[in-house]
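> Dropping a structure here in structure tokens format, bear with me for questions.
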Amino acid sequence: MRLDKFICKSSEYSLPEALALIEQRRLVVNDQVVTEASHQVHQNNVVTLDAQRLIPRPFRYFLLHKPIDMICSNIDEQYPSVFNLLTVNRPSELHIAGRLDADTTGLVLITDDGHWSYRLTSPKHQCEKVYKVELTRPLSADAAQRFQSGILLQGEAALTRPARLQVIDPYYVYLTLTEGRFHQVKRMFAAIGNRVKALHRQQIGSLSLDVKLGDWRSLTTAEVKSLAGDNESQSIAITDAANPTNTPYS
Ligand code: URA
């Protein structure tokens, strides 16, 4: 973590205040005065401010059920930000691990732990995300095979990673992805001549949506660890808490 961020995370100082403290040569990392705000601080470093040890607050991890017409951004834009729902201190320190479009509902993970969110979102770690998709046209017979083989999305050079399609009925499917390209679900269906009418993310790794629309909760330590683990590439059972028998939504 950068030294300026480390100061903010271990105190009530704002970023400009942290920068001023660094400039005033009041920060010492492992017995060396540090004057660079970008200096990388590692877990086992001893950082002091005016000879007082700084200890960062623990990372925070939240699950939120995003409603439609809210955006995954730290600030309100055309629509209000989902952070309006998350009534916690210092929301500006948090970010979203895998954004959803304004018209998508479902499971959003929010944290201030950049390494953790990288593991969830980087295609390298193959963390599965399950979407429930409503289509405007009946699903074509070859859709599952085409998604499994990879789709060339408009304007991109690489095929999408193999994706798993589970058909509920011709207009409703579950789609499991291990990457998160821009508008990926909508673009994949557009590439096979269909259109997404409604989109809902109901699972990330082994974590299913288990709070009501607009609600949120903290993750347990076990959940945080399991999502960051190396077992994310394993297939996960699709579970829909609101619809345990997977009856098609009407
Ligand atoms: N894919 C999309 O097209 N939109 C989302 O919000 C998430 C995945």
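As shown in the structure tokens, the chain order sets the letters A, B, ...; within each chain, residues go from 1, and ligands are also counted from 1 in the order they appear.
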Just the strand (DSSP E or B) stuff from range 49-239 of chain A, please, per backbone DSSP, written as a ChimeraX atom specification.
/A:49,52-53,61-66,71,81,95-96,104-111,129-135,164-169,172-177,196-204,207-208,216-218
> Need to verify the contact set: Val130 in chain A, 12 Å, only C-alpha atoms, exclusion of same-chain residues closer than 3 positions in sequence. Can you return it as a VMD selection string?
chain A and resid 106 to 108 127 133 163 to 166 173 to 180 185 199 to 209 235 to 240
> Can you work out which one of A:Gly98, A:Pro170, A:Gly214, A:Pro138 has the shortest atom-to-atom distance to His183 in chain A, counting only C-alpha atoms?
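Using only C-alpha atoms, His183 in chain A sits closest to A:Gly98.
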> Residues within 6 Å of ligand 1 (only C-alpha atoms and all ligand atoms), as a ChimeraX atom specification?
/A:100-101,104,183-186
> Output N, CA, C and O atoms of each residue in that selection to a file, as a compact mmCIF listing (two decimals), in the first residue's frame.

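Now in again_27.txt:
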```
# COMPACT_ATOMS: atom_id res chain seq x y z
N LEU A 100 -21.74 -3.74 -11.58
CA LEU A 100 -22.91 -4.12 -12.37
C LEU A 100 -23.44 -2.87 -13.07
O LEU A 100 -23.30 -1.76 -12.56
N ASP A 101 -24.08 -3.08 -14.22
CA ASP A 101 -24.69 -1.96 -14.93
C ASP A 101 -25.85 -1.41 -14.11
O ASP A 101 -26.41 -2.11 -13.25
N THR A 104 -28.83 -3.65 -14.06
CA THR A 104 -28.62 -5.01 -13.55
C THR A 104 -28.85 -5.00 -12.04
O THR A 104 -28.45 -4.06 -11.36
N HIS A 183 -19.89 -4.93 -20.04
CA HIS A 183 -21.22 -5.38 -20.50
C HIS A 183 -21.16 -6.80 -21.07
O HIS A 183 -21.81 -7.11 -22.07
N GLN A 184 -20.39 -7.66 -20.44
CA GLN A 184 -20.08 -8.96 -21.08
C GLN A 184 -21.31 -9.81 -21.38
O GLN A 184 -21.44 -10.36 -22.47
N VAL A 185 -22.22 -9.92 -20.43
CA VAL A 185 -23.38 -10.81 -20.65
C VAL A 185 -24.21 -10.28 -21.82
O VAL A 185 -24.58 -11.03 -22.74
N LYS A 186 -24.48 -8.99 -21.78
CA LYS A 186 -25.31 -8.40 -22.85
C LYS A 186 -24.64 -8.56 -24.21
O LYS A 186 -25.29 -8.87 -25.21
```
> Measuring atom to atom with only C-alpha atoms, identify which of A:Ala37, A:Ile151, A:Phe62, A:Asp76 is nearest to Pro16 in chain A.
A:Ala37
> Report the distance between CA of Gly114 in chain A and CA of Leu63 in chain A in Å, rounded to one decimal place.
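Between these atoms lies a distance of 15.7 Å.
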> Determine, counting only C-alpha atoms, which protein, DNA and RNA residues have an atom within 9 Å of an atom of Cys8 in chain A; residues of the same chain fewer than 5 positions away are not included. Present the result as a PyMOL selection string.
chain A and resi 3+13-15+17-18+56
> What lies within 12 Å of Gln78 in chain A using only C-alpha atoms, ignoring chain neighbours under 6 positions off, as a ChimeraX atom specification?
/A:69-72,102
> Can you list, as a PDB file with C-alpha atoms, in the first residue's frame, every residue of range 20-242 of chain A that DSSP puts in alpha helix (DSSP H)?

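Written file, out.pdb:
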```
ATOM      1  CA  ALA A  20       1.444  17.328   4.269  1.00  0.00           C
ATOM      2  CA  LEU A  21       2.708  15.091   7.092  1.00  0.00           C
ATOM      3  CA  ILE A  22       4.972  13.227   4.643  1.00  0.00           C
ATOM      4  CA  GLU A  23       6.304  16.504   3.276  1.00  0.00           C
ATOM      5  CA  GLY A 114      -7.429  -4.222  -3.333  1.00  0.00           C
ATOM      6  CA  HIS A 115      -5.632  -7.578  -3.410  1.00  0.00           C
ATOM      7  CA  TRP A 116      -8.803  -9.426  -2.492  1.00  0.00           C
ATOM      8  CA  SER A 117     -10.916  -7.687  -5.123  1.00  0.00           C
ATOM      9  CA  TYR A 118      -8.210  -8.319  -7.714  1.00  0.00           C
ATOM     10  CA  ARG A 119      -8.462 -12.043  -7.018  1.00  0.00           C
ATOM     11  CA  LEU A 120     -12.217 -11.938  -7.544  1.00  0.00           C
ATOM     12  CA  THR A 121     -12.138  -9.952 -10.742  1.00  0.00           C
ATOM     13  CA  ALA A 143     -26.079 -21.146 -27.648  1.00  0.00           C
ATOM     14  CA  ALA A 144     -24.576 -23.379 -24.923  1.00  0.00           C
ATOM     15  CA  GLN A 145     -21.976 -24.790 -27.324  1.00  0.00           C
ATOM     16  CA  ARG A 146     -21.035 -21.344 -28.648  1.00  0.00           C
ATOM     17  CA  PHE A 147     -20.607 -19.932 -25.146  1.00  0.00           C
ATOM     18  CA  GLN A 148     -18.559 -22.968 -24.139  1.00  0.00           C
ATOM     19  CA  SER A 149     -16.258 -22.495 -27.164  1.00  0.00           C
ATOM     20  CA  GLN A 184     -20.080  -8.955 -21.083  1.00  0.00           C
ATOM     21  CA  VAL A 185     -23.375 -10.815 -20.654  1.00  0.00           C
ATOM     22  CA  LYS A 186     -25.315  -8.404 -22.846  1.00  0.00           C
ATOM     23  CA  ARG A 187     -22.617  -8.452 -25.530  1.00  0.00           C
ATOM     24  CA  MET A 188     -22.386 -12.251 -25.517  1.00  0.00           C
ATOM     25  CA  PHE A 189     -26.101 -12.612 -26.147  1.00  0.00           C
ATOM     26  CA  ALA A 190     -25.998  -9.834 -28.762  1.00  0.00           C
ATOM     27  CA  ALA A 191     -23.217 -11.775 -30.536  1.00  0.00           C
ATOM     28  CA  THR A 221     -13.994 -14.208   7.884  1.00  0.00           C
ATOM     29  CA  ALA A 222     -14.639 -17.663   6.434  1.00  0.00           C
ATOM     30  CA  GLU A 223     -16.440 -16.148   3.432  1.00  0.00           C
ATOM     31  CA  VAL A 224     -13.642 -13.648   2.833  1.00  0.00           C
ATOM     32  CA  LYS A 225     -11.070 -16.447   2.926  1.00  0.00           C
ATOM     33  CA  SER A 226     -13.035 -18.833   0.758  1.00  0.00           C
ATOM     34  CA  LEU A 227     -13.588 -16.212  -1.938  1.00  0.00           C
ATOM     35  CA  ALA A 228      -9.890 -15.395  -2.034  1.00  0.00           C
TER      36      ALA A 228
END
```
> Enter the distance from CA of Thr136 in chain A to CA of Ala97 in chain A, in Å, rounded to one decimal.
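It comes out at 28.6 Å.
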> Using only C-alpha atoms for the distances, tell me which of A:Asp31, A:Asp113, A:Ser140, A:Gly155 is nearest to Asn45 in chain A.
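That would be A:Asp31, the residue with the smallest distance to Asn45 in chain A.
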